[in-house]
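The file input_23.txt contains compact mmCIF, C-alpha atoms and all ligand atoms:
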```
# COMPACT_ATOMS: atom_id res chain seq x y z
CA MET A 1 109.48 158.94 184.25
CA LYS A 2 108.85 159.13 180.47
CA LYS A 3 110.59 162.12 178.91
CA ILE A 4 108.66 164.75 176.96
CA LYS A 5 109.53 164.34 173.30
CA ARG A 6 106.73 166.11 171.51
CA ILE A 7 104.58 169.10 172.46
CA GLY A 8 101.41 170.34 170.76
CA ILE A 9 100.36 173.99 170.88
CA LEU A 10 97.02 175.58 170.03
CA THR A 11 95.62 179.10 170.14
CA GLY A 12 91.91 179.28 171.03
CA GLY A 13 89.17 181.89 171.35
CA GLY A 14 89.41 185.43 170.01
CA ASP A 15 92.82 186.35 168.65
CA CYS A 16 94.99 188.81 170.49
CA PRO A 17 98.38 190.51 169.96
CA GLY A 18 101.20 188.38 171.33
CA LEU A 19 99.93 184.94 170.27
CA ASN A 20 102.71 184.60 167.72
CA ALA A 21 105.27 185.67 170.30
CA VAL A 22 104.14 182.77 172.53
CA ILE A 23 104.28 180.29 169.63
CA ARG A 24 107.80 181.47 168.76
CA ALA A 25 108.98 181.21 172.36
CA VAL A 26 107.55 177.69 172.72
CA VAL A 27 109.11 176.45 169.48
CA ASP A 28 112.50 178.09 170.08
CA THR A 29 112.73 176.95 173.72
CA ALA A 30 111.56 173.40 172.98
CA ILE A 31 113.88 172.86 170.02
CA LEU A 32 116.95 174.87 171.02
CA GLN A 33 117.03 174.04 174.73
CA TYR A 34 115.57 170.54 174.91
CA GLY A 35 115.45 169.01 171.42
CA ILE A 36 111.68 168.58 171.80
CA GLU A 37 109.48 168.55 168.68
CA VAL A 38 106.57 170.98 168.46
CA TYR A 39 103.32 170.46 166.56
CA GLY A 40 101.04 173.41 165.87
CA ILE A 41 97.30 172.62 166.01
CA ILE A 42 95.32 174.43 163.33
CA ASP A 43 92.37 176.66 164.33
CA GLY A 44 92.27 175.88 168.04
CA TYR A 45 90.28 172.85 169.21
CA ALA A 46 88.95 172.37 165.65
CA GLY A 47 92.40 171.07 164.71
CA LEU A 48 92.37 168.52 167.53
CA ILE A 49 88.87 167.38 166.59
CA ASN A 50 89.66 167.15 162.87
CA LYS A 51 93.29 165.97 163.14
CA GLN A 52 94.77 169.10 161.62
CA LEU A 53 98.23 169.86 162.86
CA ARG A 54 101.67 170.50 161.46
CA LYS A 55 105.21 170.23 162.67
CA LEU A 56 106.73 173.60 163.51
CA GLY A 57 110.41 174.21 162.94
CA LEU A 58 112.62 177.16 163.77
CA LYS A 59 112.03 178.58 160.28
CA ASP A 60 108.25 178.58 160.79
CA VAL A 61 108.53 180.96 163.72
CA SER A 62 111.28 183.16 162.38
CA GLY A 63 110.05 186.76 162.04
CA ILE A 64 106.65 186.22 163.69
CA LEU A 65 107.43 187.87 167.04
CA PRO A 66 106.04 191.33 166.11
CA ARG A 67 103.13 190.02 164.03
CA GLY A 68 99.53 190.33 165.24
CA GLY A 69 97.06 187.41 165.04
CA THR A 70 98.16 183.79 165.15
CA ILE A 71 99.96 181.78 162.47
CA LEU A 72 98.00 178.73 163.68
CA GLY A 73 94.53 180.21 163.27
CA THR A 74 91.96 180.19 166.04
CA SER A 75 88.29 179.56 166.67
CA ASN A 76 85.79 180.20 169.44
CA ARG A 77 83.19 177.76 168.18
CA ASP A 78 84.79 174.35 168.34
CA ASN A 79 84.27 173.08 171.85
CA PRO A 80 84.89 169.28 171.73
CA PHE A 81 82.41 168.78 174.59
CA LYS A 82 79.68 170.74 172.76
CA TYR A 83 80.42 170.25 169.10
CA PRO A 84 77.71 171.59 166.77
CA GLU A 85 76.00 169.20 164.39
CA ILE A 86 72.92 169.33 162.18
CA ASN A 87 70.59 166.40 162.96
CA ALA A 88 68.31 164.51 160.57
CA LYS A 89 65.55 167.08 161.11
CA GLY A 90 67.92 169.86 160.05
CA GLU A 91 68.17 171.18 163.62
CA LYS A 92 71.40 172.24 165.27
CA THR A 93 72.43 170.02 168.18
CA TYR A 94 75.60 169.69 170.26
CA ARG A 95 77.56 166.49 170.83
CA ASP A 96 80.55 165.43 172.92
CA VAL A 97 83.33 164.57 170.44
CA SER A 98 86.19 164.74 172.95
CA GLU A 99 87.14 161.12 172.10
CA ARG A 100 88.37 162.52 168.78
CA VAL A 101 90.72 164.84 170.65
CA ILE A 102 92.16 161.91 172.60
CA LYS A 103 92.73 160.02 169.35
CA THR A 104 94.56 162.98 167.79
CA VAL A 105 96.74 163.42 170.85
CA GLU A 106 97.53 159.69 171.04
CA TYR A 107 98.03 159.15 167.31
CA ASN A 108 100.45 162.10 167.11
CA GLU A 109 102.16 161.05 170.34
CA LEU A 110 101.80 164.47 171.94
CA ASP A 111 103.29 164.27 175.44
CA ALA A 112 102.00 167.73 176.35
CA LEU A 113 99.51 170.20 174.95
CA ILE A 114 100.00 173.94 175.46
CA THR A 115 96.65 175.74 175.29
CA VAL A 116 96.97 179.48 174.71
CA GLY A 117 93.67 181.17 175.37
CA GLY A 118 91.20 182.92 177.63
CA ASP A 119 88.60 181.51 180.01
CA GLY A 120 86.70 179.51 177.36
CA THR A 121 89.85 177.85 176.00
CA GLN A 122 91.18 177.12 179.49
CA ALA A 123 87.82 175.71 180.64
CA ILE A 124 87.96 173.20 177.78
CA ALA A 125 91.63 172.45 178.53
CA ASN A 126 90.74 171.73 182.14
CA GLN A 127 87.88 169.43 181.13
CA LEU A 128 90.24 167.55 178.78
CA TYR A 129 92.69 167.22 181.65
CA GLU A 130 90.22 166.22 184.35
CA LYS A 131 88.00 163.90 182.28
CA HIS A 132 90.53 162.39 179.88
CA GLY A 133 93.94 163.01 181.44
CA ILE A 134 95.15 165.06 178.46
CA PRO A 135 98.45 166.62 179.60
CA VAL A 136 97.61 170.32 179.24
CA VAL A 137 99.53 173.43 180.25
CA GLY A 138 97.64 176.74 179.98
CA VAL A 139 98.90 180.14 178.84
CA PRO A 140 96.59 183.07 179.70
CA LYS A 141 95.63 185.27 176.76
CA THR A 142 92.98 187.93 176.41
CA ILE A 143 92.72 191.64 175.76
CA ASP A 144 89.97 191.66 178.42
CA ASN A 145 92.44 190.88 181.26
CA ASP A 146 89.67 188.97 183.04
CA LEU A 147 91.55 185.77 183.96
CA ASN A 148 92.65 184.92 187.47
CA GLY A 149 95.94 183.14 188.14
CA THR A 150 97.92 186.01 186.61
CA ASP A 151 98.33 189.70 187.42
CA ILE A 152 97.87 190.48 183.74
CA THR A 153 97.17 188.60 180.53
CA PHE A 154 99.21 189.29 177.40
CA GLY A 155 97.28 191.29 174.80
CA PHE A 156 95.79 193.63 177.37
CA ASP A 157 98.61 196.16 177.18
CA THR A 158 98.32 196.38 173.40
CA ALA A 159 94.54 196.84 173.53
CA LEU A 160 94.99 199.47 176.23
CA THR A 161 97.58 201.32 174.14
CA ILE A 162 95.31 201.29 171.06
CA ALA A 163 92.29 202.43 173.09
CA THR A 164 94.28 205.23 174.71
CA SER A 165 95.65 206.56 171.45
CA SER A 166 92.11 206.42 170.00
CA ILE A 167 90.80 208.45 172.95
CA ASP A 168 93.58 210.99 172.35
CA LYS A 169 92.47 211.34 168.72
CA ILE A 170 88.82 211.72 169.67
CA HIS A 171 89.83 214.25 172.34
CA SER A 172 91.10 216.76 169.78
CA THR A 173 87.99 216.57 167.62
CA ALA A 174 85.72 216.75 170.71
CA GLU A 175 87.52 219.93 171.80
CA SER A 176 87.33 221.53 168.35
CA HIS A 177 83.60 220.87 167.91
CA HIS A 178 82.59 221.38 171.54
CA ARG A 179 80.91 218.00 171.58
CA ILE A 180 80.40 215.15 173.98
CA MET A 181 82.17 212.10 172.58
CA VAL A 182 81.34 208.60 173.80
CA ILE A 183 84.04 206.00 173.15
CA GLU A 184 83.12 202.32 173.55
CA VAL A 185 85.88 199.84 174.28
CA MET A 186 85.92 196.03 174.49
CA GLY A 187 86.45 193.90 177.58
CA ARG A 188 83.26 191.82 177.82
CA TYR A 189 82.02 191.83 181.42
CA ALA A 190 85.23 193.28 182.88
CA GLY A 191 86.05 196.97 182.82
CA TRP A 192 89.86 196.87 182.71
CA ILE A 193 90.32 198.37 179.25
CA ALA A 194 87.76 201.13 179.92
CA LEU A 195 89.17 201.93 183.35
CA GLU A 196 92.83 202.11 182.39
CA ALA A 197 92.32 203.69 178.94
CA GLY A 198 89.88 206.10 180.57
CA ILE A 199 92.48 207.15 183.13
CA ALA A 200 95.29 207.27 180.55
CA GLY A 201 93.19 209.23 178.06
CA GLY A 202 91.71 211.63 180.62
CA GLY A 203 88.10 210.45 180.32
CA ASP A 204 85.70 212.73 182.20
CA VAL A 205 83.29 209.86 182.71
CA ILE A 206 84.21 206.16 182.79
CA LEU A 207 81.43 203.58 182.72
CA LEU A 208 82.20 200.03 183.81
CA PRO A 209 80.29 196.74 183.96
CA GLU A 210 81.21 196.52 187.64
CA ILE A 211 79.54 199.87 188.50
CA PRO A 212 76.07 200.25 186.93
CA PHE A 213 75.56 203.92 186.06
CA ARG A 214 72.81 206.56 186.19
CA MET A 215 72.31 208.94 183.27
CA GLU A 216 71.51 211.83 185.65
CA LYS A 217 74.94 211.47 187.23
CA ILE A 218 76.64 211.56 183.83
CA LYS A 219 74.68 214.75 183.04
CA GLU A 220 75.74 216.21 186.37
CA LYS A 221 79.37 215.76 185.37
CA THR A 222 79.00 217.25 181.87
CA ASP A 223 76.95 220.18 183.34
CA ASN A 224 79.74 220.86 185.83
CA ARG A 225 82.25 220.98 183.01
CA THR A 226 80.04 223.35 181.06
CA LYS A 227 79.80 225.63 184.12
CA LYS A 228 83.60 225.68 184.32
CA GLY A 229 83.79 226.76 180.68
CA LYS A 230 84.86 223.34 179.43
CA ARG A 231 82.86 222.91 176.27
CA PHE A 232 83.43 219.23 175.59
CA SER A 233 83.44 215.94 177.49
CA LEU A 234 84.83 212.48 176.93
CA ILE A 235 82.87 209.46 178.10
CA VAL A 236 84.71 206.12 177.98
CA VAL A 237 82.31 203.21 178.22
CA ALA A 238 83.03 199.50 178.51
CA GLU A 239 80.94 197.39 176.14
CA GLY A 240 79.60 195.45 179.13
CA ALA A 241 78.49 198.54 181.11
CA LYS A 242 74.81 198.89 181.90
CA PRO A 243 72.50 201.40 183.56
CA GLN A 244 71.30 200.75 187.11
CA GLY A 245 68.32 198.42 186.89
CA GLY A 246 68.94 197.95 183.15
CA GLU A 247 70.46 195.34 180.87
CA VAL A 248 73.64 195.12 178.78
CA VAL A 249 73.30 196.15 175.14
CA TYR A 250 74.37 193.57 172.60
CA LEU A 251 74.83 193.49 168.84
CA ARG A 252 74.14 189.86 168.05
CA LYS A 253 74.13 186.28 169.24
CA VAL A 254 76.73 183.99 167.69
CA ASP A 255 77.42 180.27 167.60
CA ASP A 256 79.86 180.28 170.51
CA PRO A 257 78.86 177.68 173.13
CA ASN A 258 80.95 179.43 175.81
CA ASP A 259 79.42 182.87 175.37
CA PRO A 260 76.98 183.52 172.51
CA ILE A 261 76.43 187.21 173.38
CA ARG A 262 78.44 189.71 171.35
CA LEU A 263 78.23 192.97 173.25
CA GLY A 264 78.10 196.36 171.53
CA GLY A 265 76.02 199.49 171.31
CA ILE A 266 76.05 200.88 174.85
CA SER A 267 77.85 204.00 173.52
CA LYS A 268 74.84 204.81 171.31
CA TYR A 269 72.50 204.25 174.26
CA VAL A 270 74.51 206.68 176.41
CA GLY A 271 75.19 209.13 173.56
CA ASP A 272 71.56 209.45 172.44
CA ARG A 273 70.37 210.04 175.99
CA ILE A 274 73.05 212.51 177.02
CA GLU A 275 72.43 214.56 173.87
CA ASP A 276 68.69 214.72 174.68
CA MET A 277 69.38 215.58 178.31
CA THR A 278 72.05 218.26 177.78
CA GLY A 279 71.33 219.61 174.31
CA ILE A 280 75.06 219.24 173.56
CA GLU A 281 75.85 217.65 170.22
CA THR A 282 77.11 214.13 170.89
CA ARG A 283 78.84 211.46 168.82
CA TYR A 284 79.74 207.89 169.66
CA THR A 285 82.51 205.60 168.40
CA ILE A 286 82.77 201.84 168.88
CA LEU A 287 86.46 200.95 168.68
CA GLY A 288 85.74 197.24 168.14
CA HIS A 289 88.26 194.79 166.75
CA VAL A 290 90.90 197.41 166.04
CA GLN A 291 91.80 196.89 169.72
CA ARG A 292 92.77 193.29 169.01
CA GLY A 293 94.75 193.78 165.82
CA GLY A 294 98.28 194.56 164.79
CA SER A 295 101.63 194.35 166.44
CA PRO A 296 101.91 193.69 170.19
CA THR A 297 103.52 196.31 172.44
CA ALA A 298 106.99 195.64 173.82
CA PHE A 299 105.38 194.76 177.17
CA ASP A 300 103.15 192.13 175.56
CA ARG A 301 106.02 190.71 173.50
CA VAL A 302 108.11 190.25 176.62
CA LEU A 303 105.26 188.78 178.66
CA ALA A 304 104.22 186.43 175.84
CA THR A 305 107.82 185.28 175.40
CA ARG A 306 108.16 184.61 179.13
CA PHE A 307 104.87 182.69 179.15
CA GLY A 308 105.99 180.57 176.17
CA PHE A 309 109.32 179.69 177.78
CA HIS A 310 107.73 178.86 181.15
CA ALA A 311 104.97 176.80 179.53
CA VAL A 312 107.65 174.52 178.02
CA GLU A 313 109.38 174.32 181.41
CA ALA A 314 106.06 173.43 183.06
CA ALA A 315 105.45 170.73 180.43
CA ILE A 316 108.90 169.24 181.06
CA LYS A 317 108.18 169.20 184.80
CA LYS A 318 104.80 167.58 183.94
CA LYS A 319 102.82 170.29 185.72
CA PHE A 320 99.72 169.31 183.80
CA GLY A 321 96.42 171.00 184.58
CA TYR A 322 98.37 174.17 185.47
CA MET A 323 98.51 177.59 183.84
CA VAL A 324 101.51 179.92 183.83
CA GLY A 325 100.93 183.49 185.01
CA LEU A 326 102.69 186.66 186.07
CA ARG A 327 102.86 187.15 189.85
CA GLY A 328 104.69 190.33 190.74
CA GLN A 329 108.00 190.07 188.86
CA ASP A 330 107.91 186.29 188.53
CA ILE A 331 106.19 183.70 186.40
CA LYS A 332 104.37 181.15 188.57
CA THR A 333 101.85 178.40 187.96
CA THR A 334 98.28 178.04 189.26
CA THR A 335 95.85 175.21 188.58
CA ILE A 336 93.70 176.03 185.56
CA LYS A 337 90.70 175.10 187.69
CA GLU A 338 91.52 177.89 190.15
CA ALA A 339 92.32 180.39 187.39
CA ILE A 340 88.96 179.97 185.69
CA ALA A 341 86.75 179.54 188.75
CA LEU A 342 85.71 183.21 188.67
CA PRO A 343 86.38 186.01 186.19
CA ARG A 344 88.80 188.70 187.34
CA LYS A 345 86.84 191.93 187.54
CA VAL A 346 87.50 195.50 188.65
CA LYS A 347 86.82 195.89 192.37
CA PRO A 348 84.87 199.12 192.93
CA GLY A 349 87.07 200.09 195.92
CA CYS A 350 90.41 199.40 194.22
CA ASP A 351 93.25 201.87 193.91
CA LEU A 352 92.65 202.58 190.21
CA ILE A 353 89.08 203.66 190.96
CA LYS A 354 90.21 205.76 193.94
CA THR A 355 92.86 207.41 191.77
CA ALA A 356 90.39 208.21 188.99
CA LEU A 357 87.93 209.64 191.51
CA ALA A 358 90.70 211.76 193.05
CA VAL A 359 91.36 213.46 189.72
CA GLY A 360 87.68 214.22 189.24
CA THR A 361 86.55 211.34 187.02
CA SER A 362 82.90 210.35 187.30
CA PHE A 363 81.78 206.73 187.20
CA GLY A 364 78.19 207.77 186.59
CA ILE A 365 77.01 207.13 190.15
O1 LIG B 401 87.32 188.36 174.55
C1 LIG B 401 87.92 189.20 173.62
C2 LIG B 401 86.90 190.01 172.88
O2 LIG B 401 87.56 190.85 171.96
C3 LIG B 401 85.95 190.81 173.78
O3 LIG B 401 86.54 191.98 174.28
C4 LIG B 401 84.80 191.03 172.82
O4 LIG B 401 83.60 191.24 173.53
C5 LIG B 401 84.74 189.73 172.06
O5 LIG B 401 86.03 189.15 172.16
C6 LIG B 401 84.38 189.88 170.61
O6 LIG B 401 84.28 188.62 170.04
P1 LIG B 401 84.20 188.34 168.49
O7 LIG B 401 85.57 188.47 167.91
O8 LIG B 401 83.66 186.96 168.39
O9 LIG B 401 83.28 189.38 167.89
```
So that I can check it, write out the structure of this file as structure tokens.
Amino acid sequence: MKKIKRIGILTGGGDCPGLNAVIRAVVDTAILQYGIEVYGIIDGYAGLINKQLRKLGLKDVSGILPRGGTILGTSNRDNPFKYPEINAKGEKTYRDVSERVIKTVEYNELDALITVGGDGTQAIANQLYEKHGIPVVGVPKTIDNDLNGTDITFGFDTALTIATSSIDKIHSTAESHHRIMVIEVMGRYAGWIALEAGIAGGGDVILLPEIPFRMEKIKEKTDNRTKKGKRFSLIVVAEGAKPQGGEVVYLRKVDDPNDPIRLGGISKYVGDRIEDMTGIETRYTILGHVQRGGSPTAFDRVLATRFGFHAVEAAIKKKFGYMVGLRGQDIKTTTIKEAIALPRKVKPGCDLIKTALAVGTSFGI
């Protein structure tokens, strides 16, 4: 069996704290333990399409462990199977340029390709594997925590910590001004950040994509608090939450072939209505990209480092088409196909929901 001599690594999709920790772990493990060369692909799949990659040495990854973002750059637009082009009529069309990826991989003699990313990045990796036999190994990344095949994705803990400390800050101003404060967190169509930050930050109401809400029920909760002499309320809302029978609120559509909808604005929807319904002064805050920036937590650094090490091990064992993931205390592999088949969402009857309900949290139903 041909030995692995050279590995490529790319970071795809939205950035997330811990990407650099994975890159460092891959480079250090590959070079120090196995004498394998590592090539970093620039800007996700764009680098494979446009032949942009560079050799990574130990010096390149020295000091990057605590740094947010990714030293390689990333992109959520460059899907080789749906690559945007302007045709002769000046219209935007999409073309399959995956042959260019094969050429880059072959020309650079990459024996394995580690793809660090969320569902979009892993879906492309799986297509490259199934259609073209590109030897991919996936590493699950996303602040949204919505990937299967792992108990948790790296980046989530950092986003959760940032969201919780933001709720704490908003808590003190809500209390001082006797206001209702609506805090909108990221997570796309999964409510993990809202649910856990809502529990950790003592949210009185938590609104999730998985549990469409009713404004009357939110009012019922804030009225109850008023009756008990509590003159403020905190509502934590996931960007993908929506009212029963209503639609998600979004800010814009972008050129992302995997998911062009950029959610945002549900906190204003809820805030405006609750102010009208209760007469209590209300403010809303959209936390946005601050949840994705800066240094990863210790938990994310450890998880990212473990993922990087195990991704190299998986590559050496030629477990291509697989993704590493945390299962209990251990790192295991699952086929990427299985991991991306369905998004991992909050189950309405799960223990976290039961716990939040037990301490009096309302989910707006
Ligand atoms: O998937 C990660 C994420 O941060 C989501 O929580 C959010 O909806 C989206 O990406 C934002 O994407 P962009 O950076 O393209 O605005």
Closest of A:Gly90, A:Pro66, A:Gly240, A:Pro135 to ligand LIG 401 (chain B) - atom-to-atom distances counting all atoms listed in the file: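 Once distances to ligand LIG 401 (chain B) are computed over all atoms listed in the file, the minimum belongs to A:Gly240.
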What are the nearest atom pairs, with distances in Å to one decimal, for all residues of chain A that come at most 9 Å from ligand LIG 401 (chain B), using only C-alpha atoms and all ligand atoms, set out by chain and rising residue number as CSV?
```
residue,atom,partner,partner_atom,distance
A:Gly13,CA,B:LIG401,O1,7.5
A:Gly14,CA,B:LIG401,O7,5.3
A:Asp15,CA,B:LIG401,C1,7.5
A:Cys16,CA,B:LIG401,C1,7.7
A:Ser75,CA,B:LIG401,O8,8.9
A:Asn76,CA,B:LIG401,O8,7.2
A:Gly118,CA,B:LIG401,O1,7.4
A:Asp119,CA,B:LIG401,O1,8.9
A:Thr142,CA,B:LIG401,C1,5.9
A:Ile143,CA,B:LIG401,C1,5.8
A:Asp144,CA,B:LIG401,O3,5.4
A:Asn145,CA,B:LIG401,O1,8.8
A:Asp146,CA,B:LIG401,O1,8.8
A:Val185,CA,B:LIG401,O3,7.9
A:Met186,CA,B:LIG401,O3,4.1
A:Gly187,CA,B:LIG401,O3,3.8
A:Arg188,CA,B:LIG401,O4,4.3
A:Tyr189,CA,B:LIG401,O4,8.1
A:Ala190,CA,B:LIG401,O3,8.8
A:Ile193,CA,B:LIG401,O3,8.9
A:Glu239,CA,B:LIG401,O4,7.2
A:Gly240,CA,B:LIG401,O4,8.1
A:Val254,CA,B:LIG401,O8,7.6
A:Asp256,CA,B:LIG401,O8,8.0
A:Pro260,CA,B:LIG401,O8,8.6
A:Ile261,CA,B:LIG401,O4,8.2
A:Arg262,CA,B:LIG401,O4,5.8
A:Leu263,CA,B:LIG401,O4,5.6
A:Gly264,CA,B:LIG401,O4,7.8
A:Gly288,CA,B:LIG401,O2,7.7
A:His289,CA,B:LIG401,O2,6.6
A:Gln291,CA,B:LIG401,O2,7.7
A:Arg292,CA,B:LIG401,O2,6.5
```
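In this model, the gap between CA of Gln122 (chain A) and CA of Ala339 (chain A) comes to 8.6 Å.
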Nearest residue to Thr29 (chain A) from the set A:Ala123, A:Val312, A:Ala356, A:Met323 (distances using all atoms listed in the file): A:Val312
Contact residues around Met1 (chain A) with all atoms listed in the file at 10 Å, ignoring same-chain residues under 2 positions, as a PyMOL selection string: chain A and resi 3-4+318
Who sits within 10 Å of Gly149 (chain A), all atoms listed in the file, same chain under 6 positions skipped, as number ranges by chain: A: 140, 322-327, 332-341, 344
Do you know which residues are at most 10 Å from Thr70 (chain A) counting only C-alpha atoms, after dropping those on the same chain fewer than 6 positions away, and could you put them as a PDB file with C-alpha atoms, in the frame of the given file?
```pdb
ATOM      1  CA  LEU A  10      97.020 175.580 170.030  1.00  0.00           C
ATOM      2  CA  THR A  11      95.620 179.100 170.140  1.00  0.00           C
ATOM      3  CA  GLY A  12      91.910 179.280 171.030  1.00  0.00           C
ATOM      4  CA  ASP A  15      92.820 186.350 168.650  1.00  0.00           C
ATOM      5  CA  CYS A  16      94.990 188.810 170.490  1.00  0.00           C
ATOM      6  CA  PRO A  17      98.380 190.510 169.960  1.00  0.00           C
ATOM      7  CA  GLY A  18     101.200 188.380 171.330  1.00  0.00           C
ATOM      8  CA  LEU A  19      99.930 184.940 170.270  1.00  0.00           C
ATOM      9  CA  ASN A  20     102.710 184.600 167.720  1.00  0.00           C
ATOM     10  CA  ALA A  21     105.270 185.670 170.300  1.00  0.00           C
ATOM     11  CA  VAL A  22     104.140 182.770 172.530  1.00  0.00           C
ATOM     12  CA  ILE A  23     104.280 180.290 169.630  1.00  0.00           C
ATOM     13  CA  ILE A  42      95.320 174.430 163.330  1.00  0.00           C
ATOM     14  CA  ASP A  43      92.370 176.660 164.330  1.00  0.00           C
ATOM     15  CA  ILE A  64     106.650 186.220 163.690  1.00  0.00           C
TER      16      ILE A  64
END
```
